[in-house]
file final31.cif (mmCIF, C-alpha atoms)
data_coords
#
loop_
_atom_site.label_atom_id
_atom_site.label_comp_id
_atom_site.auth_asym_id
_atom_site.auth_seq_id
_atom_site.Cartn_x
_atom_site.Cartn_y
_atom_site.Cartn_z
CA MET A 1 22.97 -30.20 11.71
CA THR A 2 23.72 -33.90 11.61
CA ASP A 3 21.68 -36.59 9.94
CA THR A 4 19.85 -38.96 12.22
CA PRO A 5 20.89 -42.52 11.42
CA SER A 6 18.08 -44.80 10.28
CA SER A 7 16.94 -47.35 12.82
CA SER A 8 18.41 -50.82 12.49
CA THR A 9 16.29 -53.94 12.08
CA TYR A 10 16.95 -57.68 12.05
CA ALA A 11 15.84 -57.78 8.42
CA ALA A 12 18.28 -55.02 7.52
CA ALA A 13 21.01 -57.13 9.10
CA GLY A 14 20.08 -59.95 6.74
CA VAL A 15 17.78 -62.15 8.82
CA ASP A 16 14.24 -62.65 7.52
CA ILE A 17 12.00 -64.02 10.28
CA GLU A 18 8.97 -64.09 7.99
CA ALA A 19 10.85 -66.26 5.48
CA GLY A 20 11.65 -68.69 8.30
CA ASP A 21 7.99 -68.85 9.22
CA ARG A 22 7.03 -69.57 5.61
CA ALA A 23 9.62 -72.34 5.47
CA VAL A 24 8.07 -73.97 8.55
CA GLU A 25 4.64 -73.89 6.95
CA LEU A 26 5.96 -75.46 3.76
CA MET A 27 7.77 -78.28 5.56
CA LYS A 28 4.97 -79.25 7.97
CA SER A 29 3.33 -81.78 5.66
CA TRP A 30 6.62 -83.58 5.08
CA VAL A 31 7.53 -83.70 8.75
CA GLY A 32 4.07 -85.10 9.45
CA LYS A 33 4.84 -88.10 7.27
CA ALA A 34 7.97 -88.93 9.29
CA SER A 35 6.38 -89.88 12.57
CA ARG A 36 5.88 -92.78 14.95
CA PRO A 37 3.10 -93.53 17.46
CA GLU A 38 5.39 -92.48 20.33
CA VAL A 39 5.76 -88.92 19.03
CA LEU A 40 3.73 -86.27 20.86
CA GLY A 41 2.74 -82.96 19.29
CA GLY A 42 4.09 -81.52 16.06
CA ILE A 43 6.77 -79.12 14.95
CA GLY A 44 6.80 -75.60 16.32
CA GLY A 45 7.52 -76.36 19.97
CA PHE A 46 10.80 -75.74 21.72
CA ALA A 47 11.54 -79.46 21.95
CA GLY A 48 10.32 -82.64 20.30
CA LEU A 49 8.55 -85.09 22.58
CA PHE A 50 8.83 -88.89 22.45
CA ASP A 51 6.86 -91.19 24.77
CA ALA A 52 9.48 -93.33 26.51
CA SER A 53 6.90 -95.58 28.19
CA ALA A 54 7.48 -97.94 25.25
CA PHE A 55 10.80 -98.77 26.89
CA LYS A 56 8.93 -100.65 29.66
CA ARG A 57 8.92 -103.75 27.48
CA TYR A 58 12.72 -103.79 27.60
CA GLU A 59 14.59 -105.60 30.37
CA ARG A 60 17.48 -103.14 30.16
CA PRO A 61 17.08 -100.56 27.41
CA LEU A 62 20.25 -98.88 26.21
CA LEU A 63 19.92 -95.57 24.38
CA ALA A 64 22.27 -95.01 21.45
CA THR A 65 22.95 -91.59 19.95
CA SER A 66 24.74 -90.38 16.85
CA THR A 67 25.30 -87.10 15.05
CA ASP A 68 26.66 -86.37 11.59
CA GLY A 69 26.45 -84.24 8.48
CA VAL A 70 26.88 -84.87 4.77
CA GLY A 71 30.21 -83.18 4.18
CA THR A 72 30.94 -81.31 0.97
CA LYS A 73 28.27 -83.21 -0.96
CA VAL A 74 26.13 -80.15 -0.18
CA ALA A 75 28.31 -78.20 -2.62
CA ILE A 76 27.06 -80.43 -5.45
CA ALA A 77 23.44 -79.96 -4.42
CA GLN A 78 23.92 -76.19 -4.32
CA ARG A 79 25.60 -76.01 -7.71
CA MET A 80 22.85 -78.13 -9.26
CA ASP A 81 20.12 -76.27 -7.36
CA LYS A 82 18.65 -79.62 -6.35
CA HIS A 83 17.98 -79.90 -2.66
CA ASP A 84 15.44 -82.67 -2.11
CA THR A 85 17.84 -85.63 -1.85
CA ILE A 86 20.59 -84.36 0.45
CA GLY A 87 18.32 -85.17 3.40
CA HIS A 88 18.44 -88.87 2.50
CA ASP A 89 22.21 -88.65 2.89
CA LEU A 90 21.91 -86.99 6.27
CA VAL A 91 19.53 -89.63 7.61
CA GLY A 92 21.66 -92.46 6.27
CA MET A 93 24.81 -91.10 7.89
CA VAL A 94 23.08 -90.86 11.28
CA VAL A 95 20.75 -93.86 11.55
CA ASP A 96 23.14 -96.38 10.05
CA ASP A 97 25.68 -95.50 12.71
CA LEU A 98 22.98 -96.25 15.30
CA VAL A 99 21.99 -99.61 13.84
CA VAL A 100 25.59 -100.88 13.92
CA CYS A 101 25.19 -101.71 17.60
CA GLY A 102 21.76 -103.24 16.98
CA ALA A 103 19.82 -100.14 18.03
CA GLU A 104 16.47 -99.34 16.44
CA PRO A 105 16.50 -95.69 15.32
CA LEU A 106 13.65 -93.87 17.08
CA PHE A 107 13.88 -90.19 16.20
CA MET A 108 16.04 -87.51 14.62
CA THR A 109 16.44 -83.77 14.76
CA ASP A 110 18.10 -81.65 12.10
CA TYR A 111 19.98 -78.36 11.89
CA ILE A 112 20.22 -76.27 8.73
CA ALA A 113 22.49 -73.23 8.59
CA THR A 114 22.14 -70.98 5.54
CA GLY A 115 23.19 -67.58 4.33
CA LYS A 116 19.63 -66.70 3.35
CA VAL A 117 16.41 -68.54 4.12
CA VAL A 118 14.65 -69.37 0.87
CA PRO A 119 11.49 -71.12 2.11
CA GLU A 120 11.16 -73.44 -0.88
CA ARG A 121 14.78 -74.54 -0.62
CA ILE A 122 14.57 -75.21 3.11
CA ALA A 123 11.34 -77.14 2.61
CA ALA A 124 13.00 -79.26 -0.10
CA ILE A 125 15.88 -80.12 2.24
CA VAL A 126 13.48 -81.08 5.01
CA LYS A 127 11.38 -83.10 2.56
CA GLY A 128 14.45 -85.23 1.86
CA ILE A 129 15.16 -85.63 5.56
CA ALA A 130 11.56 -86.68 6.24
CA GLU A 131 11.59 -89.17 3.37
CA GLY A 132 14.84 -90.59 4.70
CA CYS A 133 13.33 -90.97 8.15
CA VAL A 134 10.41 -92.91 6.65
CA LEU A 135 12.90 -95.25 4.95
CA ALA A 136 14.72 -95.68 8.27
CA GLY A 137 11.56 -96.24 10.34
CA CYS A 138 12.28 -93.30 12.63
CA ALA A 139 10.55 -90.01 13.35
CA LEU A 140 11.66 -86.47 12.60
CA VAL A 141 10.68 -84.74 15.84
CA GLY A 142 12.14 -81.29 15.29
CA GLY A 143 14.91 -79.16 13.93
CA GLU A 144 16.35 -75.71 13.55
CA THR A 145 16.96 -73.42 10.62
CA ALA A 146 19.49 -70.66 11.23
CA GLU A 147 20.16 -67.73 8.93
CA HIS A 148 23.81 -66.66 8.97
CA PRO A 149 24.25 -63.65 6.66
CA GLY A 150 27.85 -62.60 6.37
CA LEU A 151 29.13 -66.04 7.33
CA LEU A 152 27.52 -67.96 4.46
CA ASP A 153 26.67 -66.73 0.99
CA PRO A 154 22.93 -66.46 0.24
CA ASP A 155 22.87 -69.76 -1.69
CA GLU A 156 25.11 -71.65 0.74
CA TYR A 157 23.91 -73.98 3.47
CA ASP A 158 25.07 -76.87 5.59
CA VAL A 159 23.04 -79.60 7.25
CA ALA A 160 23.59 -81.73 10.33
CA GLY A 161 21.46 -84.12 12.29
CA ALA A 162 21.33 -86.13 15.49
CA GLY A 163 19.49 -89.36 16.13
CA THR A 164 18.56 -91.57 19.07
CA GLY A 165 17.91 -95.29 19.10
CA VAL A 166 17.35 -98.09 21.60
CA VAL A 167 18.66 -101.62 21.96
CA GLU A 168 18.13 -104.33 24.57
CA ALA A 169 21.37 -104.70 26.53
CA ASP A 170 21.68 -108.43 25.92
CA LYS A 171 21.24 -107.89 22.17
CA LEU A 172 23.98 -105.28 21.86
CA LEU A 173 26.15 -106.04 18.83
CA GLY A 174 29.85 -105.42 18.49
CA ALA A 175 33.38 -106.76 18.77
CA GLU A 176 32.62 -108.77 21.92
CA ARG A 177 30.41 -111.11 19.88
CA VAL A 178 32.73 -111.65 16.91
CA ARG A 179 34.31 -115.13 16.73
CA GLU A 180 36.95 -116.81 14.61
CA GLY A 181 35.26 -118.41 11.62
CA ASP A 182 32.54 -115.78 11.34
CA VAL A 183 31.55 -114.79 7.81
CA VAL A 184 31.71 -111.21 6.56
CA ILE A 185 28.73 -110.20 4.39
CA ALA A 186 28.92 -107.10 2.19
CA MET A 187 25.90 -104.94 1.34
CA ALA A 188 26.24 -102.87 -1.81
CA SER A 189 26.34 -99.09 -1.63
CA SER A 190 24.25 -96.94 -3.94
CA GLY A 191 27.40 -95.08 -4.99
CA LEU A 192 29.67 -92.66 -3.16
CA HIS A 193 27.19 -92.10 -0.32
CA SER A 194 28.42 -89.00 1.56
CA ASN A 195 32.13 -89.50 2.01
CA GLY A 196 35.21 -88.46 0.10
CA TYR A 197 33.57 -85.62 -1.81
CA SER A 198 36.51 -83.30 -1.28
CA LEU A 199 38.63 -85.77 -3.25
CA VAL A 200 35.89 -86.48 -5.81
CA ARG A 201 35.19 -82.79 -6.45
CA HIS A 202 38.92 -82.10 -6.78
CA VAL A 203 39.34 -84.90 -9.34
CA PHE A 204 36.30 -84.22 -11.52
CA LEU A 205 35.67 -80.50 -11.15
CA THR A 206 39.14 -79.06 -10.52
CA GLN A 207 41.65 -81.43 -12.13
CA ALA A 208 39.56 -82.63 -15.06
CA GLY A 209 37.43 -79.47 -15.35
CA TRP A 210 34.27 -81.46 -16.00
CA ALA A 211 30.90 -79.72 -15.77
CA LEU A 212 28.17 -81.21 -13.63
CA ASP A 213 25.88 -81.45 -16.68
CA ARG A 214 28.48 -83.47 -18.60
CA GLU A 215 27.04 -86.74 -19.88
CA VAL A 216 29.29 -89.58 -18.71
CA PRO A 217 28.76 -92.81 -20.70
CA GLU A 218 30.07 -94.98 -17.85
CA PHE A 219 27.31 -93.59 -15.62
CA GLY A 220 24.54 -93.51 -18.20
CA ARG A 221 23.68 -90.04 -16.89
CA THR A 222 25.31 -86.73 -16.05
CA LEU A 223 28.17 -86.30 -13.64
CA GLY A 224 25.97 -84.26 -11.30
CA GLU A 225 23.24 -86.89 -11.24
CA GLU A 226 25.78 -89.56 -10.32
CA LEU A 227 27.34 -87.43 -7.59
CA LEU A 228 23.93 -86.64 -6.07
CA GLU A 229 22.79 -90.29 -5.94
CA PRO A 230 21.28 -90.60 -2.44
CA THR A 231 22.91 -92.69 0.25
CA ARG A 232 21.35 -96.12 0.71
CA ILE A 233 19.68 -96.40 4.13
CA TYR A 234 20.20 -99.84 5.67
CA SER A 235 18.66 -99.55 9.13
CA LEU A 236 15.47 -101.57 8.56
CA ASP A 237 17.42 -104.17 6.57
CA CYS A 238 19.96 -104.56 9.36
CA LEU A 239 17.32 -104.77 12.07
CA ASP A 240 15.44 -107.47 10.15
CA LEU A 241 18.69 -109.33 9.53
CA ALA A 242 19.55 -109.24 13.25
CA ARG A 243 16.08 -110.50 14.18
CA ARG A 244 16.12 -113.40 11.74
CA THR A 245 19.75 -114.57 11.76
CA GLU A 246 22.73 -114.67 14.11
CA VAL A 247 24.48 -111.36 13.51
CA HIS A 248 27.49 -110.59 15.67
CA ALA A 249 28.41 -107.13 14.38
CA PHE A 250 27.70 -104.52 11.73
CA SER A 251 30.06 -101.94 10.26
CA HIS A 252 28.86 -98.79 8.51
CA VAL A 253 31.37 -97.95 5.78
CA THR A 254 31.86 -94.19 5.91
CA GLY A 255 34.96 -91.99 6.16
CA GLY A 256 38.09 -94.11 6.30
CA GLY A 257 36.82 -96.78 3.94
CA LEU A 258 35.94 -100.44 4.25
CA ALA A 259 38.97 -101.83 6.07
CA ALA A 260 39.27 -99.10 8.70
CA ASN A 261 35.57 -99.14 9.56
CA LEU A 262 35.35 -102.93 9.78
CA ALA A 263 38.39 -102.96 12.07
CA ARG A 264 36.36 -100.88 14.55
CA VAL A 265 34.13 -103.89 15.30
CA LEU A 266 36.87 -106.53 15.47
CA PRO A 267 38.38 -107.76 18.75
CA ALA A 268 42.14 -107.29 19.18
CA HIS A 269 42.93 -110.99 18.60
CA LEU A 270 41.04 -111.41 15.30
CA ASP A 271 41.37 -110.18 11.71
CA ALA A 272 38.93 -110.03 8.82
CA ARG A 273 40.34 -111.21 5.51
CA LEU A 274 38.40 -109.64 2.65
CA ASP A 275 38.53 -110.79 -0.96
CA ARG A 276 38.42 -108.00 -3.57
CA SER A 277 37.62 -110.52 -6.32
CA THR A 278 34.11 -110.99 -4.86
CA TRP A 279 32.85 -107.73 -6.37
CA THR A 280 33.36 -105.06 -8.98
CA PRO A 281 33.28 -101.45 -7.68
CA GLY A 282 30.95 -99.13 -9.59
CA ALA A 283 32.14 -96.95 -12.45
CA VAL A 284 32.39 -93.83 -10.29
CA PHE A 285 35.19 -95.40 -8.24
CA SER A 286 37.25 -96.50 -11.24
CA LEU A 287 36.79 -93.09 -12.87
CA VAL A 288 37.98 -91.27 -9.75
CA GLU A 289 41.02 -93.56 -9.77
CA GLY A 290 41.75 -93.13 -13.47
CA VAL A 291 40.87 -89.48 -14.06
CA GLY A 292 42.59 -88.34 -10.88
CA ASN A 293 45.49 -90.81 -11.00
CA VAL A 294 44.57 -91.78 -7.44
CA ALA A 295 46.54 -94.68 -5.97
CA GLN A 296 44.47 -97.66 -4.89
CA PRO A 297 45.38 -97.39 -1.17
CA GLU A 298 44.30 -93.74 -1.16
CA LEU A 299 41.08 -94.62 -2.96
CA GLU A 300 40.24 -97.44 -0.54
CA LYS A 301 40.82 -95.37 2.58
CA THR A 302 38.68 -92.51 1.25
CA LEU A 303 35.72 -94.09 -0.59
CA ASN A 304 33.43 -97.03 0.17
CA MET A 305 34.32 -98.79 -3.12
CA GLY A 306 30.79 -100.11 -3.49
CA VAL A 307 30.29 -101.54 0.01
CA GLY A 308 28.10 -99.40 2.26
CA MET A 309 27.40 -101.75 5.16
CA VAL A 310 28.96 -104.99 6.41
CA ALA A 311 27.48 -107.72 8.59
CA VAL A 312 29.61 -110.19 10.53
CA VAL A 313 27.53 -113.34 11.05
CA ALA A 314 27.93 -116.81 12.48
CA PRO A 315 29.16 -119.21 9.76
CA GLU A 316 25.99 -121.29 9.91
CA ALA A 317 23.90 -118.12 9.38
CA ALA A 318 25.65 -116.89 6.23
CA ASP A 319 23.29 -118.46 3.69
CA ALA A 320 20.22 -117.29 5.62
CA ALA A 321 21.65 -113.78 5.88
CA LEU A 322 22.15 -113.57 2.13
CA ALA A 323 18.61 -114.86 1.58
CA VAL A 324 17.13 -112.24 3.93
CA LEU A 325 18.99 -109.42 2.17
CA ALA A 326 17.97 -110.71 -1.25
CA GLU A 327 14.36 -110.81 -0.08
CA ARG A 328 14.68 -107.19 1.00
CA GLY A 329 16.21 -106.13 -2.31
CA VAL A 330 19.69 -105.41 -0.95
CA PRO A 331 22.51 -106.66 -3.21
CA ALA A 332 24.83 -108.63 -0.93
CA TRP A 333 27.59 -111.22 -1.12
CA THR A 334 30.13 -113.11 0.98
CA LEU A 335 33.11 -110.79 1.33
CA GLY A 336 35.45 -112.71 3.62
CA THR A 337 36.02 -114.49 6.91
CA VAL A 338 37.26 -113.78 10.42
CA VAL A 339 40.58 -115.38 11.35
CA ALA A 340 43.15 -115.14 14.13
CA GLY A 341 45.05 -111.88 14.00
CA THR A 342 45.60 -108.48 15.56
CA GLY A 343 42.34 -106.59 15.04
CA GLN A 344 42.83 -105.62 11.41
CA ALA A 345 40.66 -105.87 8.29
CA VAL A 346 42.82 -106.80 5.31
CA LEU A 347 41.83 -106.51 1.64
CA GLU A 348 43.41 -109.15 -0.58
CA GLY A 349 43.54 -109.89 -4.31
CA SER A 350 42.25 -107.80 -7.20
CA TYR A 351 38.77 -106.50 -7.94
CA ALA A 352 36.62 -108.54 -10.30
CA GLY A 353 36.19 -107.16 -13.79
#

call {"tool": "encode", "arguments": {"input": "final31.cif", "output": "structure tokens"}}
result
Amino acid sequence: MTDTPSSSTYAAAGVDIEAGDRAVELMKSWVGKASRPEVLGGIGGFAGLFDASAFKRYERPLLATSTDGVGTKVAIAQRMDKHDTIGHDLVGMVVDDLVVCGAEPLFMTDYIATGKVVPERIAAIVKGIAEGCVLAGCALVGGETAEHPGLLDPDEYDVAGAGTGVVEADKLLGAERVREGDVVIAMASSGLHSNGYSLVRHVFLTQAGWALDREVPEFGRTLGEELLEPTRIYSLDCLDLARRTEVHAFSHVTGGGLAANLARVLPAHLDARLDRSTWTPGAVFSLVEGVGNVAQPELEKTLNMGVGMVAVVAPEAADAALAVLAERGVPAWTLGTVVAGTGQAVLEGSYAG
């Protein structure tokens, strides 16, 4: 006589539908805060709805779309068991790519893959995403949480998001508008943002063997707290700047660093000459360099070095641009100028301090 095998269930395979339902209930209040008048319905449907009749006021509306994640910064959040800020990073990575062309971010969706759905953890992640959307002026219209037992450990997860924005065709920003003599304005980053964490983790955690709860005098806080500092979200600042001054282009400084990202919005016959002496990178950048013995070129092509967003403005608009950013509480300074060249951004001199 043979034993009858027990019946298989989804839960036995590692997927907890009830936990997913509890996570949705916990996140509803946060998603509700990240809305706009054009959003129809709430979460729980198969698709988020956005009333496009608002586009009727545009002569020629162009839709912009972007998708991104936060890279290995999630590993820091997981090791610290702090999950309510990583969503700010996700929103910043997505919406600030949209605003580069002058587009107003309208809505986002998110995707969370995890080894095991812990409702409170998922709700904390979504809380951060919703708060980021509020800071960006866009709505969170939906998302997906997927449980992947066997592919991810129970405490592992990854996040990704996609956003959509709109810009009037004749207000589209980019290389076509950039002129010789334009002024390059830097906007300070809040720290590392969400790029280069594979290098940063290797330097601090692997090479140096530092613990995340190590107090670092240069930071005035622990290593983990510094590494989890949320990405600054610039979208509303950039939109206001474009409305009130003559902006020709923006550049979001992400993977590849300042020079490579600025070069993406330069025409082939112009260069941007950038003066390092106009700012002092934060302590985290100098510590990565010193502790890891990282060469300056490698550092600059991997990390933002304290500049998270760049505006290229008409020379007569430079003072007004700095005043607008100061009014909005964004540290900013004149970084360089646009000159004849071959489409490159070139860093010159030595950093201040």

call {"tool": "closest_residue", "arguments": {"input": "final31.cif", "among": "A:Leu98, A:Ile129, A:Ala139, A:Ala64", "to": "Phe250 of chain A", "atoms": "all atoms listed in the file"}}
result
A:Leu98

call {"tool": "resolve_selection", "arguments": {"input": "final31.cif", "expression": "the PyMOL selection byres ((chain A and resi 238) around 12)", "output": "PyMOL selection string"}}
result
chain A and resi 95-105+136-137+173+185-187+233-237+239-252+308-313+321-322+324-325+328+330

call {"tool": "closest_residue", "arguments": {"input": "final31.cif", "among": "A:Val265, A:Ala188, A:Leu270, A:Leu135", "to": "Thr334 of chain A", "atoms": "all atoms listed in the file"}}
result
A:Ala188

call {"tool": "atom_distance", "arguments": {"input": "final31.cif", "atom1": "atom CA of Gly143 of chain A", "atom2": "atom CA of Gly165 of chain A"}}
result
17.2 Å

call {"tool": "atom_distance", "arguments": {"input": "final31.cif", "atom1": "atom CA of Ile125 of chain A", "atom2": "atom CA of Leu223 of chain A"}}
result
21.0 Å

call {"tool": "atom_distance", "arguments": {"input": "final31.cif", "atom1": "atom CA of Val294 of chain A", "atom2": "atom CA of Ser198 of chain A"}}
result
13.2 Å

call {"tool": "residues_around", "arguments": {"input": "final31.cif", "residues": "Cys138 of chain A", "least_positions_apart": "2", "cutoff": "8 Å", "atoms": "all atoms listed in the file", "output": "PyMOL selection string"}}
result
chain A and resi 34-36+105-108+133-136+140

call {"tool": "resolve_selection", "arguments": {"input": "final31.cif", "expression": "the PyMOL selection byres ((chain A and resi 276-284) around 6)", "output": "MDAnalysis selection string"}}
result
chainID A and resid 275 285:287 305:306 348:353

call {"tool": "residues_around", "arguments": {"input": "final31.cif", "residues": "Gly69 of chain A", "least_positions_apart": "3", "cutoff": "8 Å", "atoms": "all atoms listed in the file", "output": "number ranges by chain"}}
result
A: 90, 93-94, 159-161

call {"tool": "write_last_selection", "arguments": {"input": "final31.cif", "atoms": "C-alpha atoms", "output": "short mmCIF file (atom, residue, chain, number, x, y, z; two decimals), keeping the file's coordinate frame"}}
result
data_model
loop_
_atom_site.label_atom_id
_atom_site.label_comp_id
_atom_site.auth_asym_id
_atom_site.auth_seq_id
_atom_site.Cartn_x
_atom_site.Cartn_y
_atom_site.Cartn_z
CA LEU A 90 21.91 -86.99 6.27
CA MET A 93 24.81 -91.10 7.89
CA VAL A 94 23.08 -90.86 11.28
CA VAL A 159 23.04 -79.60 7.25
CA ALA A 160 23.59 -81.73 10.33
CA GLY A 161 21.46 -84.12 12.29
#

call {"tool": "closest_residue", "arguments": {"input": "final31.cif", "among": "A:Arg201, A:Asp158, A:Met80, A:Ala340", "to": "Asp213 of chain A", "atoms": "only C-alpha atoms"}}
result
A:Met80
